[in-house]
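K.L.:
Sending over a structure as structure tokens; questions will come in a sec.
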Amino acid sequence: DTGVSQDPRHKITKRGQNVTFRCDPISEHNRLYWYRQTLGQGPEFLTYFQNEAQLEKSRLLSDRFSAERPKGSFSTLEIQRTEQGDSAMYLCASSSSSDIASYEQYFGPGTRLTVT
Amino acid sequence: GQNIDQPTEMTATEGAIVQINCTYQTSGFNGLFWYQQHAGEAPTFLSYNVLDGLEEKGRFSSFLSRSKGYSYLLLKELQMKDSASYLCAVLSGNTGKLIFGQGTTLQVKP
């Protein structure tokens, strides 16, 4: 396995458009996380899945944001009616709850979103 | 509330030792991570501390004091490639959610 992958790596969109990002976690990992990172800041937690169940959502995640993990494998993050403030790096991470060192999260390369 | 503080920037010389401090106040604590992040890249795991004390791993060591809400990352024999952002993150709750500090940008100079 080559690690966590994300697609696309870069996305430029106009304000008001909808965008969707995809994350493919490490295949045996049942936990999946989405974070958002702006320049000069650390990542901020957005949401968490265990298998296909979305178990936690940050208050940062407005109703314009929705995430799914339909079969407990890949996940998508959709932003509707994008705003300039949505411009950020969107990071996906995965981990396994079955390992002793189960809390280590492996991050993907991120999707950089620019809203013009 | 959740608050994690670390210095914004640090500068050190190649071959030297540098210590990056992190203080935290969080509503839940299940351990503390340090990640390294090069510009434009994903964070990569460096260390995890859940018990008090020092964990050593090659040139990098990490220390935790739970009673003081304090951790540090020690980098020895600095190399130019160590120039990066270093992120302190607290593991909060049972979901594995990470609460990150803003990161410390380390510049290693020749």
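By order of appearance in the structure tokens: chains A, B, ..., then residues from 1 within every chain, and ligands from 1 in the order shown.
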Leaving out A:Leu113 and any residue of its chain fewer than 2 positions from it, which residues lie within 6 Å of it when counting only C-alpha atoms, given as a ChimeraX atom specification?
P.N.:
/A:11-12,87-88
K.L.:
Go ahead and write the selection's residues with N, CA, C and O atoms as a compact mmCIF listing (two decimals), in the first residue's frame.
P.N.:
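As written to disk, selection-v2.txt reads:
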```
# COMPACT_ATOMS: atom_id res chain seq x y z
N LYS A 11 -7.21 22.54 -6.57
CA LYS A 11 -8.50 22.87 -7.17
C LYS A 11 -8.69 24.38 -7.08
O LYS A 11 -8.57 24.97 -6.00
N ILE A 12 -8.93 25.00 -8.23
CA ILE A 12 -9.25 26.42 -8.28
C ILE A 12 -10.70 26.52 -8.73
O ILE A 12 -11.08 25.93 -9.75
N SER A 87 -10.86 28.80 1.14
CA SER A 87 -9.53 28.55 0.58
C SER A 87 -8.61 28.03 1.67
O SER A 87 -8.41 28.68 2.70
N ALA A 88 -8.06 26.85 1.46
CA ALA A 88 -7.25 26.18 2.47
C ALA A 88 -6.71 24.88 1.88
O ALA A 88 -7.05 24.50 0.76
```
K.L.:
Once you count only C-alpha atoms, which residues of chain A turn out to be within 12 Å of chain B? Could you give them as a count of residues only?
P.N.:
55
K.L.:
Measure the distance from atom CA of A:Ser62 to atom CA of B:Gly28 in Å and round it to one decimal.
P.N.:
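One can read the atom CA of A:Ser62 to atom CA of B:Gly28 distance as 23.9 Å.
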K.L.:
Please measure the separation of atom CA of A:Ser75 and atom CA of B:Gln36, giving the value in Å to one decimal.
P.N.:
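These atoms are spaced 24.7 Å apart.
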K.L.:
Among chain B, which ones does DSSP place in strand (DSSP E), written as a PyMOL selection string?
P.N.:
chain B and resi 3-5+9-13+18-25+32-37+44-49+53-57+60-65+70-75+84-92+97-100+104-109
K.L.:
What is the atom CA of A:Leu60-atom CA of B:His38 distance in Å, reported with one decimal?
P.N.:
25.3 Å
K.L.:
Which polymer residues have any atom within 8 Å of an atom of B:Lys109, counting only C-alpha atoms, with same-chain residues fewer than 3 positions away left out, as a list in words?
P.N.:
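Once the nearby chain positions are removed, what remains is Thr11, Ala12, Thr13, Glu14 and Met80 of chain B.
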K.L.:
Produce a file of the selected residues containing C-alpha atoms, as a short mmCIF file (atom, residue, chain, number, x, y, z; two decimals), in the first residue's frame.
P.N.:
```cif
data_model
loop_
_atom_site.label_atom_id
_atom_site.label_comp_id
_atom_site.auth_asym_id
_atom_site.auth_seq_id
_atom_site.Cartn_x
_atom_site.Cartn_y
_atom_site.Cartn_z
CA THR B 11 16.23 29.56 14.09
CA ALA B 12 19.18 27.27 14.78
CA THR B 13 22.54 26.40 13.31
CA GLU B 14 23.41 23.22 11.46
CA MET B 80 19.51 21.53 6.74
#
```
K.L.:
List the spatial neighbours of B:Gly69 as a ChimeraX atom specification - criterion: any atom at most 10 Å away, only C-alpha atoms, same-chain residues fewer than 5 positions off excluded.
P.N.:
/B:4,22-26,29,64
K.L.:
Write out as a list of chain:residue names the residues lying within 12 Å of A:Glu83, counting only C-alpha atoms and excluding same-chain residues fewer than 2 positions away.
P.N.:
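So the residues in contact are A:Ile12, A:Thr13, A:Lys14, A:Arg15, A:Gly16, A:Gln17, A:Asn18, A:Val19, A:Ser62, A:Arg64, A:Phe65, A:Ile79, A:Gln80, A:Arg81, A:Gly85, A:Asp86, A:Ser87, A:Ala88, A:Leu113, A:Thr114, A:Val115, A:Thr116.
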K.L.:
Next, the residues of the selection above should be written as an mmCIF file, in the first residue's frame with N, CA and C atoms.
P.N.:
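part-v9.cif written:
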```cif
data_model
loop_
_atom_site.group_PDB
_atom_site.id
_atom_site.type_symbol
_atom_site.label_atom_id
_atom_site.label_comp_id
_atom_site.auth_asym_id
_atom_site.auth_seq_id
_atom_site.Cartn_x
_atom_site.Cartn_y
_atom_site.Cartn_z
ATOM 1 N N ILE A 12 -8.932 25.000 -8.233
ATOM 2 C CA ILE A 12 -9.255 26.418 -8.277
ATOM 3 C C ILE A 12 -10.697 26.519 -8.727
ATOM 4 N N THR A 13 -11.499 27.242 -7.983
ATOM 5 C CA THR A 13 -12.905 27.351 -8.314
ATOM 6 C C THR A 13 -13.381 28.778 -8.078
ATOM 7 N N LYS A 14 -14.482 29.116 -8.685
ATOM 8 C CA LYS A 14 -15.053 30.444 -8.484
ATOM 9 C C LYS A 14 -16.033 30.397 -7.320
ATOM 10 N N ARG A 15 -16.110 31.488 -6.637
ATOM 11 C CA ARG A 15 -17.041 31.600 -5.510
ATOM 12 C C ARG A 15 -18.443 31.203 -5.938
ATOM 13 N N GLY A 16 -19.087 30.415 -5.096
ATOM 14 C CA GLY A 16 -20.442 29.985 -5.399
ATOM 15 C C GLY A 16 -20.538 28.608 -6.033
ATOM 16 N N GLN A 17 -19.400 28.106 -6.534
ATOM 17 C CA GLN A 17 -19.407 26.776 -7.141
ATOM 18 C C GLN A 17 -19.292 25.696 -6.061
ATOM 19 N N ASN A 18 -19.692 24.485 -6.439
ATOM 20 C CA ASN A 18 -19.541 23.331 -5.550
ATOM 21 C C ASN A 18 -18.273 22.567 -5.911
ATOM 22 N N VAL A 19 -17.601 22.021 -4.901
ATOM 23 C CA VAL A 19 -16.416 21.208 -5.156
ATOM 24 C C VAL A 19 -16.505 19.922 -4.323
ATOM 25 N N SER A 62 -19.778 23.884 8.574
ATOM 26 C CA SER A 62 -21.101 24.479 8.399
ATOM 27 C C SER A 62 -21.957 23.559 7.535
ATOM 28 N N ARG A 64 -22.810 23.926 4.684
ATOM 29 C CA ARG A 64 -22.345 23.864 3.289
ATOM 30 C C ARG A 64 -21.388 22.688 3.068
ATOM 31 N N PHE A 65 -20.900 22.144 4.150
ATOM 32 C CA PHE A 65 -19.939 21.045 4.071
ATOM 33 C C PHE A 65 -20.645 19.720 4.354
ATOM 34 N N ILE A 79 -18.028 20.679 -0.645
ATOM 35 C CA ILE A 79 -18.315 22.035 -0.187
ATOM 36 C C ILE A 79 -19.260 22.666 -1.202
ATOM 37 N N GLN A 80 -20.408 23.073 -0.738
ATOM 38 C CA GLN A 80 -21.376 23.736 -1.619
ATOM 39 C C GLN A 80 -21.248 25.251 -1.494
ATOM 40 N N ARG A 81 -21.541 25.936 -2.583
ATOM 41 C CA ARG A 81 -21.557 27.413 -2.594
ATOM 42 C C ARG A 81 -20.274 27.946 -1.945
ATOM 43 N N GLY A 85 -13.339 32.320 2.003
ATOM 44 C CA GLY A 85 -12.821 31.825 3.276
ATOM 45 C C GLY A 85 -12.620 30.326 3.320
ATOM 46 N N ASP A 86 -13.128 29.627 2.317
ATOM 47 C CA ASP A 86 -12.927 28.184 2.255
ATOM 48 C C ASP A 86 -11.558 27.831 1.679
ATOM 49 N N SER A 87 -10.860 28.804 1.142
ATOM 50 C CA SER A 87 -9.532 28.551 0.578
ATOM 51 C C SER A 87 -8.609 28.026 1.666
ATOM 52 N N ALA A 88 -8.060 26.849 1.455
ATOM 53 C CA ALA A 88 -7.248 26.180 2.469
ATOM 54 C C ALA A 88 -6.712 24.885 1.882
ATOM 55 N N LEU A 113 -7.288 24.023 -2.028
ATOM 56 C CA LEU A 113 -8.432 24.692 -2.656
ATOM 57 C C LEU A 113 -8.211 26.196 -2.674
ATOM 58 N N THR A 114 -8.388 26.784 -3.844
ATOM 59 C CA THR A 114 -8.353 28.231 -3.989
ATOM 60 C C THR A 114 -9.692 28.682 -4.545
ATOM 61 N N VAL A 115 -10.360 29.553 -3.817
ATOM 62 C CA VAL A 115 -11.650 30.089 -4.264
ATOM 63 C C VAL A 115 -11.435 31.538 -4.693
ATOM 64 N N THR A 116 -11.743 31.804 -5.968
ATOM 65 C CA THR A 116 -11.503 33.156 -6.496
ATOM 66 C C THR A 116 -12.790 33.984 -6.544
#
```
